[in-house]
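See below for my_file30.txt, which holds compact mmCIF, C-alpha atoms and all ligand atoms.
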```txt
# COMPACT_ATOMS: atom_id res chain seq x y z
CA MET D 1 -18.93 -4.11 -14.12
CA LYS D 2 -17.49 -7.09 -15.98
CA LEU D 3 -14.15 -8.06 -14.53
CA ALA D 4 -11.10 -10.06 -15.52
CA ILE D 5 -8.80 -11.28 -12.76
CA LEU D 6 -5.20 -11.90 -13.75
CA GLY D 7 -3.78 -14.45 -11.31
CA SER D 8 -5.31 -17.33 -9.43
CA GLY D 9 -3.22 -17.33 -6.24
CA PHE D 10 -3.63 -16.07 -2.68
CA ILE D 11 -4.79 -12.50 -3.29
CA ALA D 12 -6.84 -13.39 -6.38
CA ARG D 13 -8.95 -15.64 -4.15
CA PHE D 14 -9.36 -12.93 -1.48
CA TYR D 15 -10.53 -10.56 -4.23
CA ALA D 16 -12.90 -13.13 -5.68
CA ASP D 17 -14.28 -13.88 -2.19
CA ALA D 18 -15.01 -10.17 -1.76
CA LEU D 19 -16.60 -9.89 -5.21
CA VAL D 20 -18.64 -13.08 -5.26
CA ALA D 21 -19.77 -13.33 -1.64
CA GLN D 22 -21.64 -10.04 -1.39
CA ARG D 23 -24.15 -10.44 -4.26
CA ARG D 24 -22.60 -7.55 -6.16
CA LYS D 25 -23.80 -6.58 -9.59
CA ASP D 26 -20.13 -6.73 -10.63
CA VAL D 27 -19.17 -10.11 -12.03
CA ILE D 28 -15.91 -11.88 -12.78
CA THR D 29 -16.21 -12.90 -16.43
CA MET D 30 -12.64 -13.99 -17.09
CA VAL D 31 -9.63 -15.34 -15.21
CA TYR D 32 -6.01 -15.67 -16.33
CA SER D 33 -3.50 -18.10 -14.91
CA ARG D 34 -0.19 -19.38 -16.28
CA THR D 35 -1.34 -22.96 -16.01
CA GLU D 36 -4.61 -24.11 -17.53
CA SER D 37 -5.46 -26.36 -14.59
CA ASN D 38 -5.20 -23.43 -12.12
CA ALA D 39 -7.24 -21.19 -14.40
CA ARG D 40 -9.94 -23.86 -14.76
CA LYS D 41 -10.04 -24.58 -11.01
CA PHE D 42 -10.42 -20.88 -10.19
CA ALA D 43 -13.14 -20.55 -12.84
CA ASP D 44 -14.98 -23.55 -11.37
CA ASP D 45 -14.63 -22.35 -7.77
CA TYR D 46 -15.99 -18.87 -8.51
CA ASN D 47 -18.36 -19.65 -11.36
CA VAL D 48 -16.34 -17.66 -13.90
CA PRO D 49 -17.53 -18.32 -17.50
CA ASN D 50 -14.16 -17.83 -19.26
CA TYR D 51 -10.56 -18.65 -18.50
CA SER D 52 -7.31 -18.30 -20.41
CA THR D 53 -3.55 -18.75 -20.18
CA SER D 54 -3.04 -15.59 -22.27
CA ILE D 55 -2.98 -12.14 -20.61
CA GLN D 56 -3.62 -10.52 -23.98
CA GLU D 57 -6.71 -12.63 -24.63
CA CYS D 58 -8.01 -11.80 -21.15
CA VAL D 59 -7.63 -8.05 -21.32
CA GLU D 60 -9.02 -7.82 -24.87
CA HIS D 61 -12.08 -9.97 -24.16
CA LYS D 62 -15.32 -8.21 -25.12
CA ASP D 63 -16.93 -9.09 -21.80
CA VAL D 64 -14.25 -7.30 -19.75
CA ASP D 65 -14.65 -3.66 -18.61
CA ALA D 66 -11.95 -3.66 -15.95
CA VAL D 67 -8.90 -5.80 -15.22
CA ILE D 68 -7.82 -6.73 -11.68
CA ILE D 69 -4.10 -7.50 -11.40
CA ALA D 70 -3.37 -10.16 -8.77
CA LEU D 71 0.01 -11.32 -10.10
CA SER D 72 3.50 -11.37 -8.59
CA ASN D 73 5.20 -7.94 -8.45
CA ASP D 74 7.39 -8.57 -11.52
CA MET D 75 4.26 -9.05 -13.66
CA HIS D 76 2.46 -5.81 -12.72
CA LEU D 77 4.04 -3.52 -15.34
CA GLU D 78 3.54 -5.85 -18.29
CA SER D 79 -0.06 -6.66 -17.41
CA ILE D 80 -0.97 -3.02 -16.69
CA LEU D 81 0.46 -1.88 -20.02
CA ALA D 82 -1.51 -4.63 -21.79
CA SER D 83 -4.74 -3.59 -20.01
CA ALA D 84 -4.29 0.13 -20.66
CA ASN D 85 -3.42 -0.51 -24.32
CA ALA D 86 -6.64 -2.51 -24.62
CA GLY D 87 -8.48 0.56 -23.23
CA LYS D 88 -9.57 -1.26 -20.05
CA HIS D 89 -9.74 0.22 -16.56
CA VAL D 90 -7.14 -1.43 -14.41
CA LEU D 91 -7.00 -2.13 -10.69
CA CYS D 92 -3.67 -3.34 -9.37
CA THR D 93 -2.72 -4.93 -6.08
CA LYS D 94 0.08 -3.55 -3.93
CA PRO D 95 2.93 -2.65 -4.28
CA LEU D 96 2.17 -0.90 -7.56
CA GLY D 97 5.72 -1.26 -8.89
CA ARG D 98 8.90 -2.87 -7.70
CA ASN D 99 10.22 0.71 -7.73
CA ALA D 100 9.09 4.23 -8.64
CA LYS D 101 10.42 3.97 -12.19
CA GLU D 102 8.03 1.10 -12.92
CA ALA D 103 5.17 2.78 -11.05
CA LEU D 104 5.59 6.01 -13.04
CA GLN D 105 5.32 4.08 -16.32
CA MET D 106 2.09 2.51 -15.06
CA LEU D 107 0.70 5.91 -14.03
CA GLN D 108 1.59 7.41 -17.42
CA ALA D 109 0.01 4.45 -19.24
CA VAL D 110 -3.40 4.84 -17.55
CA ASP D 111 -3.28 8.63 -17.97
CA LYS D 112 -2.55 8.22 -21.68
CA ALA D 113 -5.30 5.62 -22.16
CA LYS D 114 -7.74 7.79 -20.10
CA VAL D 115 -8.75 4.81 -17.99
CA VAL D 116 -9.04 4.51 -14.22
CA GLY D 117 -5.91 3.21 -12.46
CA GLY D 118 -7.04 1.94 -9.06
CA TYR D 119 -4.48 1.02 -6.43
CA LEU D 120 -5.83 -1.92 -4.42
CA GLU D 121 -4.46 -0.78 -1.07
CA ASP D 122 -6.97 -2.70 1.03
CA LEU D 123 -5.63 -1.56 4.41
CA CYS D 124 -6.73 1.98 3.55
CA TYR D 125 -10.32 0.69 3.45
CA THR D 126 -10.64 -1.31 6.68
CA PRO D 127 -13.56 -0.30 8.91
CA LYS D 128 -11.22 1.06 11.59
CA PHE D 129 -9.10 2.93 9.05
CA LEU D 130 -12.14 4.58 7.44
CA LYS D 131 -13.48 5.71 10.83
CA SER D 132 -10.02 6.97 11.88
CA LEU D 133 -9.57 8.94 8.66
CA ALA D 134 -13.05 10.49 8.88
CA SER D 135 -12.32 11.50 12.50
CA ILE D 136 -8.97 13.04 11.57
CA LYS D 137 -10.56 14.95 8.67
CA SER D 138 -13.22 16.37 10.98
CA GLY D 139 -10.54 17.66 13.37
CA THR D 140 -11.02 15.15 16.20
CA VAL D 141 -7.29 14.73 16.89
CA GLY D 142 -6.21 18.22 15.81
CA GLU D 143 -3.02 18.45 13.77
CA VAL D 144 -1.36 15.07 13.19
CA ILE D 145 2.20 15.21 14.53
CA TRP D 146 3.08 11.53 14.13
CA ALA D 147 1.38 8.54 12.52
CA LYS D 148 2.71 5.04 12.95
CA SER D 149 1.73 1.83 11.23
CA ARG D 150 3.00 -1.68 11.82
CA GLU D 151 2.64 -4.85 9.76
CA THR D 152 4.56 -7.89 10.89
CA HIS D 153 4.09 -11.62 10.22
CA PRO D 154 6.28 -14.74 9.90
CA GLY D 155 6.91 -14.25 6.16
CA PRO D 156 5.04 -14.63 2.86
CA HIS D 157 3.51 -17.73 1.35
CA SER D 158 5.06 -17.97 -2.17
CA ASP D 159 8.58 -18.43 -3.53
CA TRP D 160 8.69 -15.28 -5.69
CA PHE D 161 8.27 -12.92 -2.64
CA TRP D 162 11.67 -14.16 -1.35
CA ASP D 163 13.41 -13.48 -4.68
CA LYS D 164 14.55 -9.84 -4.66
CA GLU D 165 14.55 -9.57 -8.47
CA LYS D 166 10.93 -10.68 -8.75
CA SER D 167 9.57 -8.87 -5.69
CA GLY D 168 11.66 -5.68 -5.77
CA GLY D 169 12.82 -6.15 -2.16
CA GLY D 170 11.85 -7.71 1.14
CA ALA D 171 9.51 -6.81 3.98
CA MET D 172 9.87 -3.11 3.26
CA VAL D 173 8.40 -3.14 -0.26
CA ASP D 174 5.94 -5.94 0.60
CA LEU D 175 4.55 -4.66 3.91
CA GLY D 176 6.00 -1.16 4.18
CA CYS D 177 3.88 -0.09 1.21
CA HIS D 178 0.73 -0.62 3.34
CA CYS D 179 2.14 1.19 6.39
CA ILE D 180 3.46 4.15 4.41
CA GLU D 181 0.12 4.73 2.69
CA ILE D 182 -1.81 4.44 5.96
CA SER D 183 0.36 7.10 7.64
CA ARG D 184 0.33 9.26 4.52
CA ASN D 185 -3.47 9.31 4.55
CA PHE D 186 -3.55 10.25 8.24
CA ILE D 187 -0.98 13.02 7.77
CA GLY D 188 -2.77 14.31 4.64
CA LYS D 189 -1.99 13.37 1.06
CA ASN D 190 -1.33 16.97 0.00
CA ASN D 191 1.71 17.06 2.29
CA LYS D 192 4.74 16.20 0.23
CA PRO D 193 6.99 13.48 1.68
CA VAL D 194 10.41 15.12 1.69
CA GLU D 195 12.95 12.79 3.27
CA VAL D 196 13.34 9.42 4.98
CA MET D 197 15.56 7.70 7.53
CA CYS D 198 15.51 3.93 7.57
CA TRP D 199 17.02 0.86 9.18
CA ALA D 200 16.68 -2.43 7.34
CA ASP D 201 18.46 -5.73 7.94
CA THR D 202 18.34 -9.43 7.10
CA ARG D 203 18.14 -10.93 10.57
CA VAL D 204 16.53 -14.34 10.24
CA HIS D 205 15.91 -15.74 6.75
CA PRO D 206 18.61 -16.84 4.24
CA ILE D 207 17.67 -14.22 1.62
CA ASP D 208 19.28 -11.21 -0.08
CA ALA D 209 16.48 -8.80 0.84
CA GLU D 210 15.64 -7.34 4.27
CA ASP D 211 13.33 -9.30 6.55
CA ASN D 212 13.00 -6.50 9.13
CA ALA D 213 12.86 -2.72 8.79
CA VAL D 214 11.86 0.46 10.61
CA GLY D 215 11.58 3.81 8.87
CA LEU D 216 10.67 7.45 9.37
CA VAL D 217 9.10 9.52 6.60
CA LYS D 218 9.23 13.28 7.08
CA TYR D 219 6.51 15.39 5.42
CA GLU D 220 6.80 19.02 4.39
CA ASN D 221 4.51 20.19 7.22
CA GLY D 222 6.88 18.60 9.76
CA ALA D 223 4.73 15.51 10.46
CA ILE D 224 6.43 12.14 10.78
CA GLY D 225 5.14 8.85 9.40
CA GLN D 226 6.70 5.79 10.99
CA PHE D 227 6.60 2.20 9.75
CA GLU D 228 7.62 -1.07 11.37
CA VAL D 229 7.68 -4.22 9.23
CA SER D 230 8.86 -7.77 9.70
CA TRP D 231 8.87 -11.12 7.93
CA SER D 232 10.09 -12.84 11.09
CA PHE D 233 7.47 -11.85 13.68
CA ARG D 234 6.07 -14.93 15.44
CA GLY D 235 2.47 -15.39 16.48
CA GLY D 236 0.37 -14.41 13.45
CA MET D 237 -0.19 -11.16 11.62
CA ASP D 238 0.01 -7.93 13.58
CA LEU D 239 -1.62 -4.88 11.97
CA ARG D 240 -1.67 -1.84 14.22
CA ASP D 241 -1.87 1.89 13.65
CA GLU D 242 -1.35 4.86 15.96
CA VAL D 243 -1.96 8.54 15.47
CA MET D 244 -0.77 11.30 17.77
CA GLY D 245 -2.41 14.66 17.19
CA THR D 246 -2.40 17.97 19.03
CA GLU D 247 -5.97 17.35 20.26
CA GLY D 248 -6.24 13.59 20.36
CA THR D 249 -4.95 10.08 19.86
CA ILE D 250 -5.98 7.02 17.88
CA TRP D 251 -4.89 3.43 18.56
CA ALA D 252 -6.26 0.84 16.15
CA ASN D 253 -5.57 -2.87 16.37
CA ASN D 254 -6.88 -4.26 13.10
CA PHE D 255 -6.34 -7.99 13.13
CA LEU D 256 -4.67 -10.02 15.88
CA ARG D 257 -6.32 -10.31 19.31
CA THR D 258 -9.09 -7.82 18.76
CA GLY D 259 -11.51 -9.34 21.24
CA PHE D 260 -12.48 -12.68 19.63
CA GLU D 261 -10.86 -15.68 21.30
CA MET D 262 -11.40 -19.42 20.81
CA PHE D 263 -9.92 -22.52 22.45
CA THR D 264 -9.45 -25.95 20.84
CA THR D 265 -7.62 -29.15 21.76
CA GLY D 266 -6.78 -29.40 18.06
CA LYS D 267 -9.63 -31.55 16.76
CA GLY D 268 -10.96 -30.27 13.46
CA GLY D 269 -8.08 -27.93 12.66
CA SER D 270 -9.95 -25.43 10.53
CA TYR D 271 -8.50 -22.21 9.05
CA VAL D 272 -8.05 -19.53 11.72
CA ALA D 273 -6.90 -16.32 10.00
CA GLU D 274 -4.22 -15.11 7.57
CA LYS D 275 -0.72 -16.11 8.77
CA ALA D 276 -2.04 -17.62 12.03
CA GLU D 277 0.71 -19.95 13.22
CA SER D 278 -1.31 -22.33 15.36
CA THR D 279 -4.53 -24.33 15.15
CA THR D 280 -4.53 -25.56 18.77
CA GLY D 281 -4.86 -23.98 22.20
CA TRP D 282 -6.14 -20.44 22.48
CA LEU D 283 -6.72 -18.99 19.01
CA PHE D 284 -7.43 -15.46 17.85
CA PRO D 285 -9.64 -15.79 14.76
CA VAL D 286 -10.93 -12.92 12.66
CA GLY D 287 -14.69 -12.78 12.06
CA ASP D 288 -15.13 -11.70 8.45
CA GLU D 289 -11.56 -11.49 7.23
CA VAL D 290 -12.46 -10.13 3.79
CA HIS D 291 -14.31 -7.26 5.44
CA GLU D 292 -11.81 -6.66 8.26
CA LEU D 293 -9.02 -6.39 5.65
CA GLY D 294 -10.91 -3.75 3.70
CA TYR D 295 -11.62 -5.63 0.46
CA ASN D 296 -15.36 -4.87 0.32
CA HIS D 297 -15.09 -1.11 0.81
CA MET D 298 -12.08 -1.07 -1.50
CA PHE D 299 -13.92 -2.58 -4.47
CA THR D 300 -16.98 -0.40 -3.85
CA ASP D 301 -14.78 2.71 -4.08
CA MET D 302 -13.03 1.37 -7.21
CA PHE D 303 -16.26 0.60 -9.10
CA ASN D 304 -17.93 3.85 -8.03
CA ALA D 305 -14.89 5.71 -9.38
CA ILE D 306 -15.08 3.92 -12.72
CA GLU D 307 -18.82 4.62 -13.02
CA ASN D 308 -18.39 8.27 -12.06
CA LYS D 309 -15.30 8.72 -14.28
CA VAL D 310 -13.09 9.88 -11.40
CA GLN D 311 -10.04 8.36 -9.74
CA PRO D 312 -10.66 6.29 -6.56
CA SER D 313 -9.36 7.28 -3.11
CA GLU D 314 -6.37 5.03 -3.75
CA SER D 315 -5.10 5.49 -7.30
CA PHE D 316 -1.99 4.66 -9.32
CA TYR D 317 -0.72 8.11 -8.37
CA ASP D 318 -0.79 7.07 -4.69
CA GLY D 319 0.96 3.81 -5.55
CA TYR D 320 3.64 5.81 -7.35
CA ILE D 321 4.22 8.12 -4.35
CA VAL D 322 4.51 5.08 -2.05
CA ASN D 323 7.08 3.50 -4.40
CA ALA D 324 9.07 6.77 -4.43
CA ILE D 325 9.15 6.77 -0.60
CA ILE D 326 10.25 3.11 -0.53
CA ASP D 327 13.03 3.77 -3.07
CA ALA D 328 14.37 6.50 -0.76
CA CYS D 329 14.14 4.09 2.22
CA TYR D 330 16.34 1.57 0.42
CA VAL D 331 18.93 4.30 -0.19
CA SER D 332 18.78 5.46 3.46
CA ALA D 333 19.13 1.90 4.78
CA LYS D 334 22.46 1.75 2.92
CA THR D 335 23.82 5.24 3.62
CA LYS D 336 22.41 5.36 7.19
CA LYS D 337 21.46 9.01 6.52
CA TRP D 338 18.30 11.04 5.87
CA GLU D 339 17.72 10.73 2.12
CA PRO D 340 15.43 12.81 -0.13
CA VAL D 341 12.26 11.38 -1.63
CA ILE D 342 12.49 11.92 -5.38
CA ILE D 343 9.08 12.58 -6.94
CA GLU D 344 9.13 13.45 -10.63
CA ASP D 345 5.38 13.96 -10.88
CA TRP D 346 4.06 15.66 -7.70
CA ARG D 347 0.35 16.48 -7.91
CA GLY D 348 -0.37 17.58 -4.33
CA ILE D 349 -2.32 20.79 -3.82
CA ALA D 350 -0.52 23.21 -1.51
CA GLU D 351 -2.80 23.99 1.43
CA LYS D 352 -2.91 27.46 3.02
CA LYS D 353 -1.28 27.09 6.43
CA GLU D 354 -2.74 28.98 9.37
CA ALA D 355 -0.13 30.58 11.64
CA LYS D 356 0.36 28.46 14.78
CA GLN D 357 -1.86 29.72 17.62
CA MET D 358 -0.15 29.78 21.04
CA VAL D 359 -2.45 29.50 24.05
CA SER D 360 -2.11 32.48 26.40
CA TYR D 361 -2.08 32.12 30.18
CA ASP D 362 -2.44 35.89 30.63
CA GLU D 363 -1.45 39.01 28.68
CA ASP D 364 2.28 38.50 29.32
CA HIS D 365 2.58 34.71 29.27
CA TYR D 366 1.93 31.70 27.06
CA LEU D 367 0.60 28.53 28.69
CA ILE D 368 2.91 25.55 28.14
CA LYS D 369 1.20 22.96 30.34
CA GLU D 370 -1.32 22.63 33.15
CA GLU D 371 -1.57 19.61 35.40
CA VAL D 372 -3.35 18.50 38.56
CA LEU D 373 -0.90 16.76 40.93
CA PRO D 374 -1.73 13.80 43.25
CA SER D 375 -1.97 16.33 46.12
CA GLY D 376 -4.79 18.12 44.29
CA GLU D 377 -2.62 21.15 43.61
CA LYS D 378 -2.94 22.65 40.11
CA LYS D 379 0.24 23.68 38.37
CA PHE D 380 0.64 25.98 35.40
CA ILE D 381 3.93 26.00 33.46
CA ILE D 382 4.11 29.30 31.58
CA LYS D 383 6.48 31.22 29.30
CA ASN D 384 7.07 34.96 29.36
CA LYS D 385 6.14 36.36 25.93
CA LYS D 386 8.94 38.96 26.01
CA THR D 387 11.86 37.33 27.83
CA GLY D 388 11.14 33.66 27.01
CA SER D 389 11.76 32.65 30.63
CA ILE D 390 9.82 29.65 31.90
CA GLU D 391 8.04 29.80 35.25
CA VAL D 392 5.55 27.88 37.34
CA ARG D 393 2.39 29.36 38.90
N1 LIG V 401 -3.18 -7.33 1.24
C1 LIG V 401 -2.88 -7.30 -0.01
O1 LIG V 401 -3.26 -6.39 -0.69
C2 LIG V 401 -2.04 -8.40 -0.61
C3 LIG V 401 -1.85 -9.59 0.08
C4 LIG V 401 -1.10 -10.58 -0.54
C5 LIG V 401 -0.52 -10.36 -1.77
N2 LIG V 401 -0.70 -9.16 -2.40
C6 LIG V 401 -0.08 -8.87 -3.70
O2 LIG V 401 -0.74 -9.67 -4.70
C7 LIG V 401 0.20 -10.07 -5.70
C8 LIG V 401 0.17 -11.59 -5.80
O3 LIG V 401 0.51 -12.15 -4.55
P1 LIG V 401 -0.14 -13.50 -4.01
O4 LIG V 401 -0.03 -13.45 -2.54
O5 LIG V 401 -1.47 -13.72 -4.62
O6 LIG V 401 0.92 -14.53 -4.57
P2 LIG V 401 0.65 -15.99 -5.13
O7 LIG V 401 2.00 -16.57 -5.33
O8 LIG V 401 -0.33 -16.71 -4.27
O9 LIG V 401 -0.04 -15.75 -6.54
C9 LIG V 401 0.68 -15.15 -7.57
C10 LIG V 401 -0.01 -15.36 -8.90
O10 LIG V 401 0.88 -14.85 -9.91
C11 LIG V 401 1.16 -15.89 -10.86
N3 LIG V 401 2.51 -15.72 -11.39
C12 LIG V 401 3.68 -15.70 -10.70
N4 LIG V 401 4.71 -15.52 -11.56
C13 LIG V 401 4.19 -15.42 -12.78
C14 LIG V 401 4.74 -15.25 -14.08
N5 LIG V 401 6.05 -15.13 -14.27
N6 LIG V 401 3.90 -15.21 -15.13
C15 LIG V 401 2.57 -15.31 -14.98
N7 LIG V 401 1.98 -15.48 -13.77
C16 LIG V 401 2.78 -15.54 -12.69
C17 LIG V 401 1.00 -17.19 -10.07
O11 LIG V 401 0.78 -18.27 -10.95
C18 LIG V 401 -0.24 -16.84 -9.22
O12 LIG V 401 -1.42 -16.96 -9.96
C19 LIG V 401 1.54 -9.47 -5.28
O13 LIG V 401 1.75 -8.26 -5.94
C20 LIG V 401 1.39 -9.24 -3.79
O14 LIG V 401 2.20 -8.20 -3.29
C21 LIG V 401 -1.49 -8.19 -1.86
```

Any chance you could put this one into C-alpha cells?
Ligand SMILES: NC(=O)c1ccc[n+]([C@@H]2O[C@H](COP(=O)([O-])OP(=O)(O)OC[C@H]3O[C@@H](n4cnc5c(N)ncnc54)[C@H](O)[C@@H]3O)[C@@H](O)[C@H]2O)c1
Amino acid sequence: MKLAILGSGFIARFYADALVAQRRKDVITMVYSRTESNARKFADDYNVPNYSTSIQECVEHKDVDAVIIALSNDMHLESILASANAGKHVLCTKPLGRNAKEALQMLQAVDKAKVVGGYLEDLCYTPKFLKSLASIKSGTVGEVIWAKSRETHPGPHSDWFWDKEKSGGGAMVDLGCHCIEISRNFIGKNNKPVEVMCWADTRVHPIDAEDNAVGLVKYENGAIGQFEVSWSFRGGMDLRDEVMGTEGTIWANNFLRTGFEMFTTGKGGSYVAEKAESTTGWLFPVGDEVHELGYNHMFTDMFNAIENKVQPSESFYDGYIVNAIIDACYVSAKTKKWEPVIIEDWRGIAEKKEAKQMVSYDEDHYLIKEEVLPSGEKKFIIKNKKTGSIEVR
C-alpha cells in the first residue's frame, strides 16, 4: 500500500511511527503539511520521498493508494471529500466529524466513490481491547449489562482543540468518541443506541467548551454504555474500561500504572509517555506506546480491508454513529433530560433475541440468589412462580 499522510503533527507522527517501525510492506510516499518546512522535516524524519503544501496534489499523486487524515477536526470533511473524489481509499483519525451532519457527508462520499472509509479508532485495537472483545463474543461474560470507558488527561497539546468552532466541542467530542465506541463494541454494534443522558461542564479551563463530562448511552437491548472524560485530570493519561455481564466481569487498565514503574532523580529527563506530567520521582512509563495504543493492529486491519475489498472493523459508518451519539449528548447536557439519538442511516442487523431464561430453584420457585455466609450456612433467596412472593430457604 502506498500512503499519503495529511498532517505532520502529533498523531501523524504516531501513525508514521507505527507504519515505519514495523518493517511493513506499506510505505508512506507523500506527506502534506500547511507549511513547507514542517512537510520537509516530516519527510526527512520518516524517509518519505514526496511532500507538498497542497492537499489536492497529495491525494491525486500517482504513487498514493490510500490517504491517512491526521489533520485538525475542522479539516476532516474537506480532505475526505478531496480523497474520495480522487478515487483514493481514505482512513481518518477520530472524531470522524465535528458532528453527525459532517460525518454523514463523509460516509456518503466514500460510499459513492466505492472506496474504503476506515475510522482510525485506535483504542478499539489495543491488545487488551481485542482480547476483551473476543472474550465477550465467545460468551465469557454472558450478556453485557453495562460497559464503561474512561479517558481523562490534563488537556490537549494544540491550540485548535480548545477552539470549539475548529474542534466541534471539548472533552466530550475529543475523548468521549473513544469511550463511546469502546462501550458500543462491547455491547454489540447491532444494538441501536436509542437515547442518552449527559452531564457536561466547564470546570477548570477558560474555554467555551466542556472540560469534563459523564454520560450514559442506552441501547435498544437495555444495555448501558457509560463514559467519563476530562481535560483537567492530573497525573497523566488514564484509560480504563469495565464490563459487567451476567456471567462475568472485565476490568482493563490500558495505560497509566499498569505494572511498569521507574524512579529518577530527574537527570536525563527523557520522554515518559503521552500526557505524563512529570519526569522526576516515581514514573509510570509505557513500554511500546504505539502498540499499547492500538496503532499496529489498527493499520493491519485497515490495509487488510482495502486488499480484501471490505470495510474494516472500524469504518466511517462507526464514526458516524459515534458522532450521532455525541450530538445527542450535547443536547442532553443542555436540557438535563434523556434525549434521543438521531440516526438517519442505521445499518444494524436486528438479532433474534432469545427469551430470558430464569433459573429454577424447584418446580414452584425461581432462584434469585445463593450465598454462603461467614458462618458456613448456605442461603437461597427464591421467588414463588405463581404468587411472586420472595422467601429464604
Ligand atoms: N488517539 C488518537 O486517535 C488521536 C490522538 C490525538 C489526536 N487525534 C486526532 O488527530 C487529529 C490531529 O490532531 P493532532 O493531535 O495531531 O494535532 P496537531 O495540532 O499536533 O496536528 C494537527 C495537524 O493539522 C494541521 N492543521 C491544523 N489546522 C489546519 C488548517 N486549517 N489547514 C491545514 N492544516 C491544518 C497542523 O498543521 C498539523 O499538521 C485530530 O482530529 C485529533 O482529534 C487522534

Inset, instruction - Please identify the residues whose atoms come within 9 Å of ligand LIG 401 (chain V), using all atoms listed in the file, and report them as a count of residues only. - result: 50

Legend entry - Residue list as number ranges by chain for point (14.4, -2.3, 15.1), cut-off 9 Å, only C-alpha atoms: D: 199-201, 212-214, 228

Inset, instruction - Identify, on the basis of all atoms listed in the file, every residue whose closest approach to D:Trp146 does not exceed 7 Å; exclude the query and any residue fewer than 5 positions from it along the same chain; express the result as a ChimeraX atom specification. - result: /D:223-225,243-244

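Among the candidate residues D:Ile136, D:Cys124, D:Val196, D:Val115, the one lying nearest to D:Gly215 is D:Val196, with distances computed using all atoms listed in the file.
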
Legend entry - All residues 10 Å or closer to D:Ser360, only C-alpha atoms, same chain fewer than 5 positions away omitted, as a PyMOL selection string: chain D and resi 365-368+382-385

Inset, instruction - Quick one: residues within 12 Å of (-6.0, 24.3, 3.0) (file frame), counting only C-alpha atoms, please, as a count of residues only. - result: 12

Inset, instruction - For stretch 251-256 of chain D, list every protein, DNA or RNA residue within 7 Å, evaluated using only C-alpha atoms, and leave out those in the same chain fewer than 2 positions away; present the list as a ChimeraX atom specification. - result: /D:128,237-243,249,258,284,286

Next, write the just-selected residues to a file, as an mmCIF file, keeping the file's coordinate frame, keeping C-alpha atoms as the atom set.
```cif
data_model
loop_
_atom_site.group_PDB
_atom_site.id
_atom_site.type_symbol
_atom_site.label_atom_id
_atom_site.label_comp_id
_atom_site.auth_asym_id
_atom_site.auth_seq_id
_atom_site.Cartn_x
_atom_site.Cartn_y
_atom_site.Cartn_z
ATOM 1 C CA LYS D 128 -11.220 1.060 11.590
ATOM 2 C CA MET D 237 -0.190 -11.160 11.620
ATOM 3 C CA ASP D 238 0.010 -7.930 13.580
ATOM 4 C CA LEU D 239 -1.620 -4.880 11.970
ATOM 5 C CA ARG D 240 -1.670 -1.840 14.220
ATOM 6 C CA ASP D 241 -1.870 1.890 13.650
ATOM 7 C CA GLU D 242 -1.350 4.860 15.960
ATOM 8 C CA VAL D 243 -1.960 8.540 15.470
ATOM 9 C CA THR D 249 -4.950 10.080 19.860
ATOM 10 C CA THR D 258 -9.090 -7.820 18.760
ATOM 11 C CA PHE D 284 -7.430 -15.460 17.850
ATOM 12 C CA VAL D 286 -10.930 -12.920 12.660
#
```

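Across the structure, atom CA of D:Gly388 and atom CA of D:Asp364 are spaced 10.4 Å apart.
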
Counting all atoms listed in the file, which residues of stretch 181-249 of chain D sit at most 7 Å from some atom of stretch 317-331 of chain D, and what is each one's closest atom pair with its distance in Å to one decimal, listed by chain and rising residue number, as JSON lines?
```
{"residue": "D:Glu181", "atom": "CA", "partner": "D:Val322", "partner_atom": "CA", "distance": 6.5}
{"residue": "D:Val196", "atom": "CA", "partner": "D:Cys329", "partner_atom": "CA", "distance": 6.1}
{"residue": "D:Met197", "atom": "CA", "partner": "D:Cys329", "partner_atom": "CA", "distance": 6.6}
{"residue": "D:Cys198", "atom": "CA", "partner": "D:Cys329", "partner_atom": "CA", "distance": 5.5}
```

Just write the chosen residues, C-alpha atoms, as a tab-separated table (two decimals), keeping the file's coordinate frame.
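The result, stored in result17.tsv:
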```
chain	number	residue	atom	x	y	z
D	181	GLU	CA	0.12	4.73	2.69
D	196	VAL	CA	13.34	9.42	4.98
D	197	MET	CA	15.56	7.70	7.53
D	198	CYS	CA	15.51	3.93	7.57
```

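Using only C-alpha atoms, the smallest distance between any of D:Val67, D:Cys177, D:Ala171, D:Met106 and D:Gly87 comes from D:Val67.
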
Inset, instruction - Please identify all polymer residues within 9 Å of D:Ile207, counting all atoms listed in the file, omitting same-chain residues fewer than 3 positions from it, and present them as a ChimeraX atom specification. - result: /D:162-164,170,202,204,210-211

Those selected residues, please, written with C-alpha atoms and delivered as a PDB file, in the frame of the given file.
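Printed below is out19.pdb as written:
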```pdb
ATOM      1  CA  TRP D 162      11.670 -14.160  -1.350  1.00  0.00           C
ATOM      2  CA  ASP D 163      13.410 -13.480  -4.680  1.00  0.00           C
ATOM      3  CA  LYS D 164      14.550  -9.840  -4.660  1.00  0.00           C
ATOM      4  CA  GLY D 170      11.850  -7.710   1.140  1.00  0.00           C
ATOM      5  CA  THR D 202      18.340  -9.430   7.100  1.00  0.00           C
ATOM      6  CA  VAL D 204      16.530 -14.340  10.240  1.00  0.00           C
ATOM      7  CA  GLU D 210      15.640  -7.340   4.270  1.00  0.00           C
ATOM      8  CA  ASP D 211      13.330  -9.300   6.550  1.00  0.00           C
TER       9      ASP D 211
END
```

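With only C-alpha atoms as the atoms that count, the residue of D:Asp362, D:Glu314, D:Glu165, D:Asp208 with the shortest distance to D:Gly117 is D:Glu314.
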